[in-house]
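So this block is start-v6.pdb, PDB, N, CA and C atoms and all ligand atoms:
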ATOM      1  N   MET O 898       0.835  -1.215   0.000
ATOM      2  CA  MET O 898       0.000   0.000   0.000
ATOM      3  C   MET O 898       0.863   1.256   0.000
ATOM      4  N   ARG O 899       2.098   1.138  -0.468
ATOM      5  CA  ARG O 899       2.952   2.326  -0.516
ATOM      6  C   ARG O 899       3.178   2.760  -1.965
ATOM      7  N   THR O 900       2.335   2.299  -2.849
ATOM      8  CA  THR O 900       2.471   2.641  -4.262
ATOM      9  C   THR O 900       1.495   3.752  -4.619
ATOM     10  N   GLU O 901       1.370   4.022  -5.919
ATOM     11  CA  GLU O 901       0.438   5.069  -6.365
ATOM     12  C   GLU O 901      -0.985   4.717  -5.961
ATOM     13  N   GLN O 902      -1.249   3.408  -5.848
ATOM     14  CA  GLN O 902      -2.588   2.975  -5.495
ATOM     15  C   GLN O 902      -3.013   3.513  -4.137
ATOM     16  N   ALA O 903      -2.046   3.678  -3.246
ATOM     17  CA  ALA O 903      -2.369   4.124  -1.901
ATOM     18  C   ALA O 903      -2.886   5.558  -1.890
ATOM     19  N   GLN O 904      -2.680   6.259  -2.988
ATOM     20  CA  GLN O 904      -3.127   7.642  -3.015
ATOM     21  C   GLN O 904      -4.616   7.760  -3.300
ATOM     22  N   ARG O 905      -5.219   6.663  -3.722
ATOM     23  CA  ARG O 905      -6.666   6.713  -3.944
ATOM     24  C   ARG O 905      -7.372   6.709  -2.604
ATOM     25  N   HIS O 906      -8.232   7.654  -2.413
ATOM     26  CA  HIS O 906      -8.941   7.729  -1.139
ATOM     27  C   HIS O 906     -10.245   8.490  -1.323
ATOM     28  N   PHE O 907     -11.077   8.374  -0.340
ATOM     29  CA  PHE O 907     -12.329   9.134  -0.357
ATOM     30  C   PHE O 907     -12.558   9.711   1.034
ATOM     31  N   TRP O 908     -13.342  10.758   1.097
ATOM     32  CA  TRP O 908     -13.647  11.394   2.382
ATOM     33  C   TRP O 908     -15.073  11.050   2.795
ATOM     34  N   LEU O 909     -15.272  10.882   4.098
ATOM     35  CA  LEU O 909     -16.613  10.586   4.589
ATOM     36  C   LEU O 909     -16.781  11.175   5.994
ATOM     37  N   PRO O 910     -17.868  11.904   6.218
ATOM     38  CA  PRO O 910     -18.126  12.435   7.558
ATOM     39  C   PRO O 910     -18.400  11.296   8.538
ATOM     40  N   VAL O 911     -17.763  11.340   9.689
ATOM     41  CA  VAL O 911     -17.920  10.299  10.705
ATOM     42  C   VAL O 911     -18.357  10.937  12.019
ATOM     43  N   PRO O 912     -19.531  10.579  12.517
ATOM     44  CA  PRO O 912     -19.964  11.117  13.816
ATOM     45  C   PRO O 912     -19.007  10.704  14.919
ATOM     46  N   ASN O 913     -18.738  11.614  15.836
ATOM     47  CA  ASN O 913     -17.820  11.351  16.932
ATOM     48  C   ASN O 913     -18.616  11.203  18.220
ATOM     49  N   GLU O 914     -18.280  10.171  19.018
ATOM     50  CA  GLU O 914     -19.024   9.946  20.261
ATOM     51  C   GLU O 914     -18.623  10.946  21.335
ATOM     52  N   LYS O 915     -17.411  11.467  21.257
ATOM     53  CA  LYS O 915     -16.899  12.282  22.355
ATOM     54  C   LYS O 915     -17.322  13.738  22.255
ATOM     55  N   VAL O 916     -17.402  14.270  21.069
ATOM     56  CA  VAL O 916     -17.785  15.666  20.904
ATOM     57  C   VAL O 916     -19.005  15.736  19.999
ATOM     58  N   PRO O 917     -19.827  16.754  20.186
ATOM     59  CA  PRO O 917     -20.971  16.912  19.288
ATOM     60  C   PRO O 917     -20.495  17.084  17.855
ATOM     61  N   GLY O 918     -21.221  16.511  16.935
ATOM     62  CA  GLY O 918     -20.828  16.611  15.540
ATOM     63  C   GLY O 918     -19.918  15.467  15.150
ATOM     64  N   GLY O 919     -18.879  15.778  14.422
ATOM     65  CA  GLY O 919     -17.984  14.729  13.969
ATOM     66  C   GLY O 919     -16.885  15.306  13.125
ATOM     67  N   VAL O 920     -16.162  14.420  12.454
ATOM     68  CA  VAL O 920     -15.013  14.828  11.653
ATOM     69  C   VAL O 920     -15.079  14.113  10.305
ATOM     70  N   ARG O 921     -14.612  14.790   9.288
ATOM     71  CA  ARG O 921     -14.546  14.180   7.968
ATOM     72  C   ARG O 921     -13.200  13.501   7.804
ATOM     73  N   HIS O 922     -13.202  12.178   7.824
ATOM     74  CA  HIS O 922     -11.957  11.416   7.679
ATOM     75  C   HIS O 922     -11.769  10.970   6.240
ATOM     76  N   ALA O 923     -10.523  10.685   5.907
ATOM     77  CA  ALA O 923     -10.207  10.094   4.609
ATOM     78  C   ALA O 923      -9.996   8.597   4.796
ATOM     79  N   PHE O 924     -10.403   7.831   3.796
ATOM     80  CA  PHE O 924     -10.256   6.381   3.835
ATOM     81  C   PHE O 924      -9.642   5.894   2.535
ATOM     82  N   PRO O 925      -8.823   4.838   2.632
ATOM     83  CA  PRO O 925      -8.226   4.303   1.399
ATOM     84  C   PRO O 925      -9.294   3.655   0.530
ATOM     85  N   GLY O 926      -9.168   3.833  -0.772
ATOM     86  CA  GLY O 926     -10.117   3.243  -1.699
ATOM     87  C   GLY O 926     -10.723   4.286  -2.606
ATOM     88  N   PRO O 927     -11.349   3.843  -3.679
ATOM     89  CA  PRO O 927     -11.944   4.783  -4.628
ATOM     90  C   PRO O 927     -13.230   5.413  -4.113
ATOM     91  N   ARG O 928     -13.963   4.695  -3.294
ATOM     92  CA  ARG O 928     -15.228   5.220  -2.782
ATOM     93  C   ARG O 928     -15.731   4.335  -1.643
ATOM     94  N   TRP O 929     -16.686   4.883  -0.851
ATOM     95  CA  TRP O 929     -17.283   4.077   0.204
ATOM     96  C   TRP O 929     -18.222   3.063  -0.432
ATOM     97  N   ASP O 930     -18.019   1.784  -0.118
ATOM     98  CA  ASP O 930     -18.850   0.754  -0.738
ATOM     99  C   ASP O 930     -19.858   0.168   0.243
ATOM    100  N   GLY O 931     -20.174   0.926   1.305
ATOM    101  CA  GLY O 931     -21.200   0.486   2.229
ATOM    102  C   GLY O 931     -20.694  -0.309   3.421
ATOM    103  N   LEU O 932     -19.398  -0.424   3.571
ATOM    104  CA  LEU O 932     -18.843  -1.135   4.721
ATOM    105  C   LEU O 932     -19.309  -0.467   6.018
ATOM    106  N   PRO O 933     -19.656  -1.259   7.043
ATOM    107  CA  PRO O 933     -20.120  -0.681   8.315
ATOM    108  C   PRO O 933     -19.004  -0.001   9.101
ATOM    109  N   SER O 934     -17.756  -0.366   8.843
ATOM    110  CA  SER O 934     -16.639   0.273   9.528
ATOM    111  C   SER O 934     -15.395   0.174   8.654
ATOM    112  N   ALA O 935     -14.430   1.056   8.929
ATOM    113  CA  ALA O 935     -13.201   1.051   8.142
ATOM    114  C   ALA O 935     -12.107   1.759   8.925
ATOM    115  N   ASP O 936     -10.863   1.570   8.485
ATOM    116  CA  ASP O 936      -9.723   2.251   9.104
ATOM    117  C   ASP O 936      -9.421   3.519   8.321
ATOM    118  N   SER O 937      -9.461   4.637   9.019
ATOM    119  CA  SER O 937      -9.203   5.912   8.353
ATOM    120  C   SER O 937      -7.712   6.073   8.070
ATOM    121  N   VAL O 938      -7.395   7.063   7.241
ATOM    122  CA  VAL O 938      -6.001   7.329   6.895
ATOM    123  C   VAL O 938      -5.193   7.700   8.140
ATOM    124  N   CYS O 939      -5.853   8.332   9.130
ATOM    125  CA  CYS O 939      -5.149   8.732  10.345
ATOM    126  C   CYS O 939      -5.068   7.594  11.363
ATOM    127  N   GLY O 940      -5.538   6.394  10.976
ATOM    128  CA  GLY O 940      -5.329   5.231  11.804
ATOM    129  C   GLY O 940      -6.434   4.903  12.792
ATOM    130  N   LYS O 941      -7.589   5.523  12.631
ATOM    131  CA  LYS O 941      -8.706   5.221  13.530
ATOM    132  C   LYS O 941      -9.648   4.215  12.878
ATOM    133  N   HIS O 942     -10.120   3.259  13.680
ATOM    134  CA  HIS O 942     -11.136   2.343  13.201
ATOM    135  C   HIS O 942     -12.491   2.912  13.605
ATOM    136  N   VAL O 943     -13.261   3.317  12.619
ATOM    137  CA  VAL O 943     -14.499   4.034  12.915
ATOM    138  C   VAL O 943     -15.686   3.377  12.226
ATOM    139  N   ALA O 944     -16.857   3.568  12.820
ATOM    140  CA  ALA O 944     -18.091   3.086  12.212
ATOM    141  C   ALA O 944     -18.526   4.059  11.131
ATOM    142  N   LEU O 945     -18.986   3.509  10.023
ATOM    143  CA  LEU O 945     -19.408   4.348   8.902
ATOM    144  C   LEU O 945     -20.917   4.240   8.705
ATOM    145  N   ALA O 946     -21.492   5.338   8.282
ATOM    146  CA  ALA O 946     -22.919   5.347   7.965
ATOM    147  C   ALA O 946     -23.144   6.377   6.871
ATOM    148  N   GLN O 947     -24.243   6.221   6.190
ATOM    149  CA  GLN O 947     -24.567   7.182   5.137
ATOM    150  C   GLN O 947     -24.683   8.572   5.749
ATOM    151  N   PRO O 948     -23.811   9.503   5.342
ATOM    152  CA  PRO O 948     -23.849  10.842   5.942
ATOM    153  C   PRO O 948     -24.985  11.680   5.363
ATOM    154  N   SER O 949     -25.466  12.592   6.181
ATOM    155  CA  SER O 949     -26.475  13.527   5.692
ATOM    156  C   SER O 949     -25.782  14.731   5.067
ATOM    157  N   GLU O 950     -26.532  15.530   4.345
ATOM    158  CA  GLU O 950     -25.948  16.727   3.741
ATOM    159  C   GLU O 950     -25.424  17.669   4.811
ATOM    160  N   VAL O 951     -26.093  17.689   5.953
ATOM    161  CA  VAL O 951     -25.667  18.552   7.055
ATOM    162  C   VAL O 951     -24.303  18.120   7.569
ATOM    163  N   ASP O 952     -24.071  16.800   7.638
ATOM    164  CA  ASP O 952     -22.774  16.300   8.080
ATOM    165  C   ASP O 952     -21.658  16.817   7.173
ATOM    166  N   TRP O 953     -21.910  16.777   5.868
ATOM    167  CA  TRP O 953     -20.896  17.240   4.907
ATOM    168  C   TRP O 953     -20.572  18.708   5.123
ATOM    169  N   ILE O 954     -21.590  19.477   5.462
ATOM    170  CA  ILE O 954     -21.393  20.920   5.602
ATOM    171  C   ILE O 954     -20.688  21.270   6.903
ATOM    172  N   TYR O 955     -21.087  20.613   7.999
ATOM    173  CA  TYR O 955     -20.630  21.055   9.313
ATOM    174  C   TYR O 955     -19.445  20.291   9.880
ATOM    175  N   PHE O 956     -19.208  19.055   9.413
ATOM    176  CA  PHE O 956     -18.098  18.303   9.976
ATOM    177  C   PHE O 956     -16.789  18.823   9.388
ATOM    178  N   PRO O 957     -15.848  19.211  10.237
ATOM    179  CA  PRO O 957     -14.562  19.702   9.725
ATOM    180  C   PRO O 957     -13.700  18.554   9.202
ATOM    181  N   THR O 958     -12.798  18.886   8.316
ATOM    182  CA  THR O 958     -11.865  17.900   7.777
ATOM    183  C   THR O 958     -10.872  17.478   8.846
ATOM    184  N   CYS O 959     -10.597  16.185   8.927
ATOM    185  CA  CYS O 959      -9.618  15.675   9.884
ATOM    186  C   CYS O 959      -8.222  16.174   9.495
ATOM    187  N   ALA O 960      -7.585  16.918  10.384
ATOM    188  CA  ALA O 960      -6.266  17.491  10.086
ATOM    189  C   ALA O 960      -5.218  16.405   9.911
ATOM    190  N   GLU O 961      -5.347  15.337  10.698
ATOM    191  CA  GLU O 961      -4.370  14.239  10.617
ATOM    192  C   GLU O 961      -4.470  13.522   9.269
ATOM    193  N   CYS O 962      -5.679  13.220   8.844
ATOM    194  CA  CYS O 962      -5.860  12.588   7.533
ATOM    195  C   CYS O 962      -5.308  13.492   6.447
ATOM    196  N   ASN O 963      -5.616  14.766   6.542
ATOM    197  CA  ASN O 963      -5.213  15.731   5.544
ATOM    198  C   ASN O 963      -3.689  15.789   5.413
ATOM    199  N   SER O 964      -2.992  15.877   6.551
ATOM    200  CA  SER O 964      -1.531  16.007   6.507
ATOM    201  C   SER O 964      -0.885  14.716   6.031
ATOM    202  N   ARG O 965      -1.474  13.585   6.393
ATOM    203  CA  ARG O 965      -0.883  12.312   5.947
ATOM    204  C   ARG O 965      -1.032  12.148   4.448
ATOM    205  N   LEU O 966      -2.152  12.580   3.892
ATOM    206  CA  LEU O 966      -2.338  12.468   2.454
ATOM    207  C   LEU O 966      -1.410  13.414   1.716
ATOM    208  N   LYS O 967      -1.201  14.594   2.283
ATOM    209  CA  LYS O 967      -0.338  15.573   1.634
ATOM    210  C   LYS O 967       1.120  15.136   1.651
ATOM    211  N   SER O 968       1.511  14.396   2.692
ATOM    212  CA  SER O 968       2.907  14.011   2.823
ATOM    213  C   SER O 968       3.265  12.831   1.928
ATOM    214  N   ARG O 969       2.272  12.218   1.273
ATOM    215  CA  ARG O 969       2.553  11.079   0.416
ATOM    216  C   ARG O 969       3.126  11.530  -0.920
TER     217      ARG O 969
HETATM  218 ZN    ZN T   1      -8.750  11.248  10.207
END
How does the structure come out when it is put into structure tokens?
Ligand SMILES: [Zn+2]
Amino acid sequence: MRTEQAQRHFWLPVPNEKVPGGVRHAFPGPRWDGLPSADSVCGKHVALAQPSEVDWIYFPTCAECNSRLKSR
């Protein structure tokens, strides 16, 4: 997973149990295929669900995912 293929990723809003709202994490792969959970680029194993439009608007981008993708 250290080749060009690893650069393929998608973003998905993930509700957070600890703080109200959630964070938009990046995940390896071309798109979310309906998996109930996945490992984010920043190394968290999180539950996935179909996000609402509000989630897309209000959930901030995960800084850790962002920096890891940029450093590749
Ligand atoms: Zn993240």
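Nearest-residue note for Val938 of chain O: choosing from O:Gly926, O:Arg965, O:Gln904, O:Asp952, the minimum distance belongs to O:Arg965, counting only C-alpha atoms.
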Original post:
Can you list, as an MDAnalysis selection string, the residues that the PyMOL selection byres (((not hetatm) and name CA) within 6 of (chain T and resi 1)) selects here?
Top reply: chainID O and resid 922:923 937:939 959 961:962
**OP:** Run DSSP on the backbone of this structure and report the residues of chain O it assigns to alpha helix (DSSP H), as a ChimeraX atom specification.
**Re:** /O:950-955,960-967
Expected file: the selected residues, N, CA and C atoms, as an mmCIF file, in the frame of the given file:
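Result saved to part_14.cif:
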data_model
loop_
_atom_site.group_PDB
_atom_site.id
_atom_site.type_symbol
_atom_site.label_atom_id
_atom_site.label_comp_id
_atom_site.auth_asym_id
_atom_site.auth_seq_id
_atom_site.Cartn_x
_atom_site.Cartn_y
_atom_site.Cartn_z
ATOM 1 N N GLU O 950 -26.532 15.530 4.345
ATOM 2 C CA GLU O 950 -25.948 16.727 3.741
ATOM 3 C C GLU O 950 -25.424 17.669 4.811
ATOM 4 N N VAL O 951 -26.093 17.689 5.953
ATOM 5 C CA VAL O 951 -25.667 18.552 7.055
ATOM 6 C C VAL O 951 -24.303 18.120 7.569
ATOM 7 N N ASP O 952 -24.071 16.800 7.638
ATOM 8 C CA ASP O 952 -22.774 16.300 8.080
ATOM 9 C C ASP O 952 -21.658 16.817 7.173
ATOM 10 N N TRP O 953 -21.910 16.777 5.868
ATOM 11 C CA TRP O 953 -20.896 17.240 4.907
ATOM 12 C C TRP O 953 -20.572 18.708 5.123
ATOM 13 N N ILE O 954 -21.590 19.477 5.462
ATOM 14 C CA ILE O 954 -21.393 20.920 5.602
ATOM 15 C C ILE O 954 -20.688 21.270 6.903
ATOM 16 N N TYR O 955 -21.087 20.613 7.999
ATOM 17 C CA TYR O 955 -20.630 21.055 9.313
ATOM 18 C C TYR O 955 -19.445 20.291 9.880
ATOM 19 N N ALA O 960 -7.585 16.918 10.384
ATOM 20 C CA ALA O 960 -6.266 17.491 10.086
ATOM 21 C C ALA O 960 -5.218 16.405 9.911
ATOM 22 N N GLU O 961 -5.347 15.337 10.698
ATOM 23 C CA GLU O 961 -4.370 14.239 10.617
ATOM 24 C C GLU O 961 -4.470 13.522 9.269
ATOM 25 N N CYS O 962 -5.679 13.220 8.844
ATOM 26 C CA CYS O 962 -5.860 12.588 7.533
ATOM 27 C C CYS O 962 -5.308 13.492 6.447
ATOM 28 N N ASN O 963 -5.616 14.766 6.542
ATOM 29 C CA ASN O 963 -5.213 15.731 5.544
ATOM 30 C C ASN O 963 -3.689 15.789 5.413
ATOM 31 N N SER O 964 -2.992 15.877 6.551
ATOM 32 C CA SER O 964 -1.531 16.007 6.507
ATOM 33 C C SER O 964 -0.885 14.716 6.031
ATOM 34 N N ARG O 965 -1.474 13.585 6.393
ATOM 35 C CA ARG O 965 -0.883 12.312 5.947
ATOM 36 C C ARG O 965 -1.032 12.148 4.448
ATOM 37 N N LEU O 966 -2.152 12.580 3.892
ATOM 38 C CA LEU O 966 -2.338 12.468 2.454
ATOM 39 C C LEU O 966 -1.410 13.414 1.716
ATOM 40 N N LYS O 967 -1.201 14.594 2.283
ATOM 41 C CA LYS O 967 -0.338 15.573 1.634
ATOM 42 C C LYS O 967 1.120 15.136 1.651
#
**OP:** Report the distance between atom CA of His942 of chain O and atom CA of Trp929 of chain O in Å, rounded to one decimal place.
**Re:** 14.5 Å
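Pairwise distance (atom C of Leu966 of chain O, atom C of Pro925 of chain O) equals 12.6 Å.
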**OP:** For atom CA of Val943 of chain O and atom C of Ser968 of chain O, determine how far apart the two atoms are, in Å to one decimal place.
**Re:**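 Going from atom CA of Val943 of chain O over to atom C of Ser968 of chain O covers 22.7 Å.
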**OP:** Just the strand (DSSP E or B) stuff from chain O, please, per backbone DSSP, written as a list in words.
**Re:**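 Of chain O, only His906, Phe907, Trp908, Leu909, Pro910, Val911, Pro912, Gly919, Val920, Arg921, His922, Ala923, Phe924, Pro925, Ser934, Ala935, Asp936, His942, Val943, Ala944 and Thr958 of chain O fall in strand (DSSP E or B).
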Subject >> From O:Gly940, O:Gly918, O:Pro933, O:Pro927, residue lying nearest Tyr955 of chain O [only C-alpha atoms] >> reply: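 Nearest to Tyr955 of chain O: O:Gly918.
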Original post:
Out of O:Asp936, O:Val920, O:Leu945, O:Asp930, which residue has the shortest atom-to-atom distance to Ala960 of chain O when counting only N, CA and C atoms?
Top reply: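 Closest to Ala960 of chain O, using only N, CA and C atoms: O:Val920.
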Original post:
Written as a list of chain:residue names, what is the full residue list that the PyMOL selection byres (((chain O and resi 910) around 7) and not hetatm) yields on the file shown?
Top reply: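 On the file shown, the PyMOL selection byres (((chain O and resi 910) around 7) and not hetatm) covers O:Trp908, O:Leu909, O:Val911, O:Pro912, O:Gly919, O:Val920, O:Arg921, O:His922, O:Ala946, O:Pro948, O:Asp952, O:Trp953, O:Phe956.
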